[in-house]
Amino acid sequence: MKFTLRQLTYFKALTEHRNFGRAAEVCNVSQPALSVQIRALEEVMGGMLVERRARDVVLTGMGRQVLAQAEEVLAAAGRLDRLSRDEGGGRSLSLGVIPTLAPYLLPGVLGALRAGDLSLTVQVREARTERLLAALGAGGLDAVILALPTGIRGLVEQPLFEDRFLLAGSRTRLARMDAAGQVLRPTDLQPSQLLLLEDGHCLTDQALEVCGMDRNSGSINMGASSLATLSQLVAAGFGLTLMPELAAAAEQASAPDLALRRFPAPEPARRIGLVRRESTPEEEWFGQLGQMIRGVGEGLISAFRNENGPAQGGPDGSDTGDGDQAAADLAASAR
């Protein structure tokens, strides 16, 4: 075997981030080191795997074929690594999470897992829903945190909590709407007003659905790559968007000019859940992990509501506190 797992890992990171600098940062190596390994892989394969452009890269035909095989090899290597760790006396958990949840849930979730058992090895993969479900189906992940339902057979879905959507805009824009007495429902929004994440994010699909629109509804701007970018653009006055309540506090802290308003009841929402393969042996870890994630998520939402007022026509989300106990139970079952 002339190629290495390191080369495949770097190549996969490059295809996901489409930039040598960002891929090198994710892999925790210098950009020249990553570039050398990519070129070495191209030499082994006998041709270019990516077209190098000024600010990004594009897969070649050979690159697409190599990527498909690389993902299978890396998934298998990950399973072998987890097996060796589990047999060695510790337990590993490979967890996937979508980008519109990861920055907000992961600090609390990983902290709770670490507090429960220092020997538990946790591997996290952040990616869009389609990639995570493919990795879960191939055995590269043990469980995934995402928005339900998945609509895929062969998965066990555990609903965790409801994440309501808020109207987000600049302080000036929403104050002007308040002064005019405007009470907007999602379906009242015009396509030209909406600013959304780029196509492929499940949050974009959910926002379009609750607004009663599709991708062909006028001039919807779907260009933001992350919620953080979207928040900054909206705070600067470039349109309106739907902000998940889970992310509200963090995004307001980083974008002081971002203003939020609740929609009239019934408020639109997404349902956050945990999924695993149906073929995975039934064990306590899945339910305990779900309970812990629920505690973290509901805690964040409750804290936001305590500062900004309860939800409209529904519970105030103050029922939390299960996270720490669930983490301890999960760690105990993993020993």
# chains A, B, ... in the order shown; residues from 1 in each chain; ligands from 1
$ residues_around --residues "A:Val122" --least-positions-apart "5" --cutoff "9 Å" --atoms "only C-alpha atoms" --output "ChimeraX atom specification"
/A:91-95,110,113-114
$ write_last_selection --atoms "N, CA and C atoms" --output "PDB file, in the first residue's frame"
ATOM      1  N   ARG A  91     -13.953   2.867  26.575  1.00  0.00           N
ATOM      2  CA  ARG A  91     -14.990   2.884  25.558  1.00  0.00           C
ATOM      3  C   ARG A  91     -14.838   4.146  24.735  1.00  0.00           C
ATOM      4  N   SER A  92     -15.113   4.034  23.456  1.00  0.00           N
ATOM      5  CA  SER A  92     -15.057   5.194  22.576  1.00  0.00           C
ATOM      6  C   SER A  92     -16.454   5.496  22.051  1.00  0.00           C
ATOM      7  N   LEU A  93     -16.665   6.752  21.726  1.00  0.00           N
ATOM      8  CA  LEU A  93     -17.938   7.204  21.173  1.00  0.00           C
ATOM      9  C   LEU A  93     -17.631   8.098  19.993  1.00  0.00           C
ATOM     10  N   SER A  94     -18.150   7.750  18.821  1.00  0.00           N
ATOM     11  CA  SER A  94     -17.986   8.565  17.626  1.00  0.00           C
ATOM     12  C   SER A  94     -19.321   9.237  17.340  1.00  0.00           C
ATOM     13  N   LEU A  95     -19.335  10.556  17.485  1.00  0.00           N
ATOM     14  CA  LEU A  95     -20.582  11.316  17.475  1.00  0.00           C
ATOM     15  C   LEU A  95     -20.579  12.339  16.352  1.00  0.00           C
ATOM     16  N   LEU A 110     -19.695  17.824  25.566  1.00  0.00           N
ATOM     17  CA  LEU A 110     -18.360  17.261  25.775  1.00  0.00           C
ATOM     18  C   LEU A 110     -17.897  17.467  27.214  1.00  0.00           C
ATOM     19  N   LEU A 113     -19.623  14.803  29.271  1.00  0.00           N
ATOM     20  CA  LEU A 113     -19.023  13.488  29.033  1.00  0.00           C
ATOM     21  C   LEU A 113     -17.679  13.379  29.736  1.00  0.00           C
ATOM     22  N   ARG A 114     -16.884  14.425  29.641  1.00  0.00           N
ATOM     23  CA  ARG A 114     -15.565  14.408  30.280  1.00  0.00           C
ATOM     24  C   ARG A 114     -15.696  14.345  31.796  1.00  0.00           C
TER      25      ARG A 114
END
$ select_by_dssp --residues "stretch 16-71 of chain A" --states "helix (DSSP H, G or I)" --output "PyMOL selection string"
chain A and resi 16-17+20-27+31-45+61-71
$ closest_residue --among "A:Pro191, A:Gly169, A:Gly299, A:Gly309" --to "A:Ala235" --atoms "only C-alpha atoms"
A:Gly169
$ residues_around --residues "A:His17" --least-positions-apart "3" --cutoff "12 Å" --atoms "only C-alpha atoms" --output "PyMOL selection string"
chain A and resi 10-14+20-27+55-59+126-127+225
$ write_last_selection --atoms "C-alpha atoms" --output "mmCIF file, in the first residue's frame"
data_model
loop_
_atom_site.group_PDB
_atom_site.id
_atom_site.type_symbol
_atom_site.label_atom_id
_atom_site.label_comp_id
_atom_site.auth_asym_id
_atom_site.auth_seq_id
_atom_site.Cartn_x
_atom_site.Cartn_y
_atom_site.Cartn_z
ATOM 1 C CA TYR A 10 -5.800 15.341 4.627
ATOM 2 C CA PHE A 11 -7.392 14.808 1.223
ATOM 3 C CA LYS A 12 -10.831 14.323 2.763
ATOM 4 C CA ALA A 13 -10.416 17.503 4.838
ATOM 5 C CA LEU A 14 -9.382 19.398 1.715
ATOM 6 C CA PHE A 20 -5.653 24.333 1.712
ATOM 7 C CA GLY A 21 -5.366 26.779 4.588
ATOM 8 C CA ARG A 22 -8.664 25.825 6.253
ATOM 9 C CA ALA A 23 -7.996 22.108 5.738
ATOM 10 C CA ALA A 24 -4.538 22.446 7.306
ATOM 11 C CA GLU A 25 -6.033 24.271 10.299
ATOM 12 C CA VAL A 26 -8.615 21.530 10.852
ATOM 13 C CA CYS A 27 -5.923 18.843 10.581
ATOM 14 C CA ARG A 55 -9.286 30.705 -3.249
ATOM 15 C CA ASP A 56 -10.582 27.152 -3.417
ATOM 16 C CA VAL A 57 -10.161 23.752 -5.008
ATOM 17 C CA VAL A 58 -12.418 21.629 -7.205
ATOM 18 C CA LEU A 59 -12.353 17.843 -7.437
ATOM 19 C CA GLU A 126 -19.313 18.133 12.272
ATOM 20 C CA ALA A 127 -20.900 17.990 8.823
ATOM 21 C CA SER A 225 -21.860 29.487 5.096
#
$ closest_residue --among "A:Ala248, A:Ala102, A:Ala253, A:Leu155" --to "A:Ser302" --atoms "only C-alpha atoms"
A:Ala248
$ atom_distance --atom1 "atom CA of A:Gln291" --atom2 "atom CA of A:Pro107"
15.9 Å
$ closest_residue --among "A:Ser192, A:Gln182, A:Ser170, A:Thr129" --to "A:Thr100" --atoms "only C-alpha atoms"
A:Thr129
$ residues_around --residues "A:Gly61" --least-positions-apart "4" --cutoff "12 Å" --atoms "only C-alpha atoms" --output "PyMOL selection string"
chain A and resi 47-51+65-68
$ write_last_selection --atoms "N, CA, C and O atoms" --output "PDB file, in the first residue's frame"
ATOM      1  N   GLY A  47      -2.252  11.047 -11.044  1.00  0.00           N
ATOM      2  CA  GLY A  47      -2.939  12.177 -11.661  1.00  0.00           C
ATOM      3  C   GLY A  47      -3.433  13.176 -10.635  1.00  0.00           C
ATOM      4  O   GLY A  47      -3.408  12.917  -9.430  1.00  0.00           O
ATOM      5  N   MET A  48      -3.871  14.329 -11.131  1.00  0.00           N
ATOM      6  CA  MET A  48      -4.370  15.386 -10.242  1.00  0.00           C
ATOM      7  C   MET A  48      -5.698  14.977  -9.613  1.00  0.00           C
ATOM      8  O   MET A  48      -6.578  14.447 -10.295  1.00  0.00           O
ATOM      9  N   LEU A  49      -5.818  15.224  -8.320  1.00  0.00           N
ATOM     10  CA  LEU A  49      -7.060  14.935  -7.611  1.00  0.00           C
ATOM     11  C   LEU A  49      -7.927  16.181  -7.447  1.00  0.00           C
ATOM     12  O   LEU A  49      -9.135  16.075  -7.300  1.00  0.00           O
ATOM     13  N   VAL A  50      -7.286  17.361  -7.460  1.00  0.00           N
ATOM     14  CA  VAL A  50      -8.027  18.619  -7.342  1.00  0.00           C
ATOM     15  C   VAL A  50      -7.470  19.639  -8.317  1.00  0.00           C
ATOM     16  O   VAL A  50      -6.278  19.630  -8.639  1.00  0.00           O
ATOM     17  N   GLU A  51      -8.363  20.499  -8.780  1.00  0.00           N
ATOM     18  CA  GLU A  51      -7.944  21.666  -9.559  1.00  0.00           C
ATOM     19  C   GLU A  51      -7.703  22.797  -8.574  1.00  0.00           C
ATOM     20  O   GLU A  51      -8.588  23.158  -7.807  1.00  0.00           O
ATOM     21  N   GLN A  65     -13.489   9.854  -7.574  1.00  0.00           N
ATOM     22  CA  GLN A  65     -13.382   8.411  -7.361  1.00  0.00           C
ATOM     23  C   GLN A  65     -12.524   8.095  -6.132  1.00  0.00           C
ATOM     24  O   GLN A  65     -12.867   7.234  -5.318  1.00  0.00           O
ATOM     25  N   VAL A  66     -11.421   8.805  -5.987  1.00  0.00           N
ATOM     26  CA  VAL A  66     -10.532   8.565  -4.845  1.00  0.00           C
ATOM     27  C   VAL A  66     -11.236   8.942  -3.543  1.00  0.00           C
ATOM     28  O   VAL A  66     -11.106   8.243  -2.529  1.00  0.00           O
ATOM     29  N   LEU A  67     -12.007  10.034  -3.553  1.00  0.00           N
ATOM     30  CA  LEU A  67     -12.714  10.458  -2.346  1.00  0.00           C
ATOM     31  C   LEU A  67     -13.692   9.388  -1.879  1.00  0.00           C
ATOM     32  O   LEU A  67     -13.771   9.085  -0.682  1.00  0.00           O
ATOM     33  N   ALA A  68     -14.428   8.816  -2.822  1.00  0.00           N
ATOM     34  CA  ALA A  68     -15.406   7.782  -2.448  1.00  0.00           C
ATOM     35  C   ALA A  68     -14.718   6.600  -1.770  1.00  0.00           C
ATOM     36  O   ALA A  68     -15.198   6.083  -0.754  1.00  0.00           O
TER      37      ALA A  68
END
$ closest_atom_pairs --of "stretch 69-175 of chain A" --to "stretch 1-5 of chain A" --cutoff "10 Å" --atoms "only C-alpha atoms" --output "CSV"
residue,atom,partner,partner_atom,distance
A:Ala70,CA,A:Leu5,CA,8.6
A:Val73,CA,A:Leu5,CA,8.1
A:Leu74,CA,A:Leu5,CA,7.1
A:Ala77,CA,A:Leu5,CA,8.3
$ residues_around --residues "A:Leu274" --least-positions-apart "6" --cutoff "7 Å" --atoms "only C-alpha atoms" --output "number ranges by chain"
A: 143-146, 157-159, 290
$ write_last_selection --atoms "C-alpha atoms" --output "PDB file, in the first residue's frame"
ATOM      1  CA  ALA A 143     -24.833   8.318  16.712  1.00  0.00           C
ATOM      2  CA  VAL A 144     -25.779  11.671  15.185  1.00  0.00           C
ATOM      3  CA  ILE A 145     -27.414  14.785  16.650  1.00  0.00           C
ATOM      4  CA  LEU A 146     -29.609  16.465  14.030  1.00  0.00           C
ATOM      5  CA  GLU A 157     -34.727   8.194  16.289  1.00  0.00           C
ATOM      6  CA  GLN A 158     -34.888   9.599  19.811  1.00  0.00           C
ATOM      7  CA  PRO A 159     -36.562  13.053  20.010  1.00  0.00           C
ATOM      8  CA  GLY A 290     -29.885  11.396  24.618  1.00  0.00           C
TER       9      GLY A 290
END
$ closest_residue --among "A:Leu246, A:Gln7, A:Leu227, A:Thr241" --to "A:Val296" --atoms "only C-alpha atoms"
A:Leu246
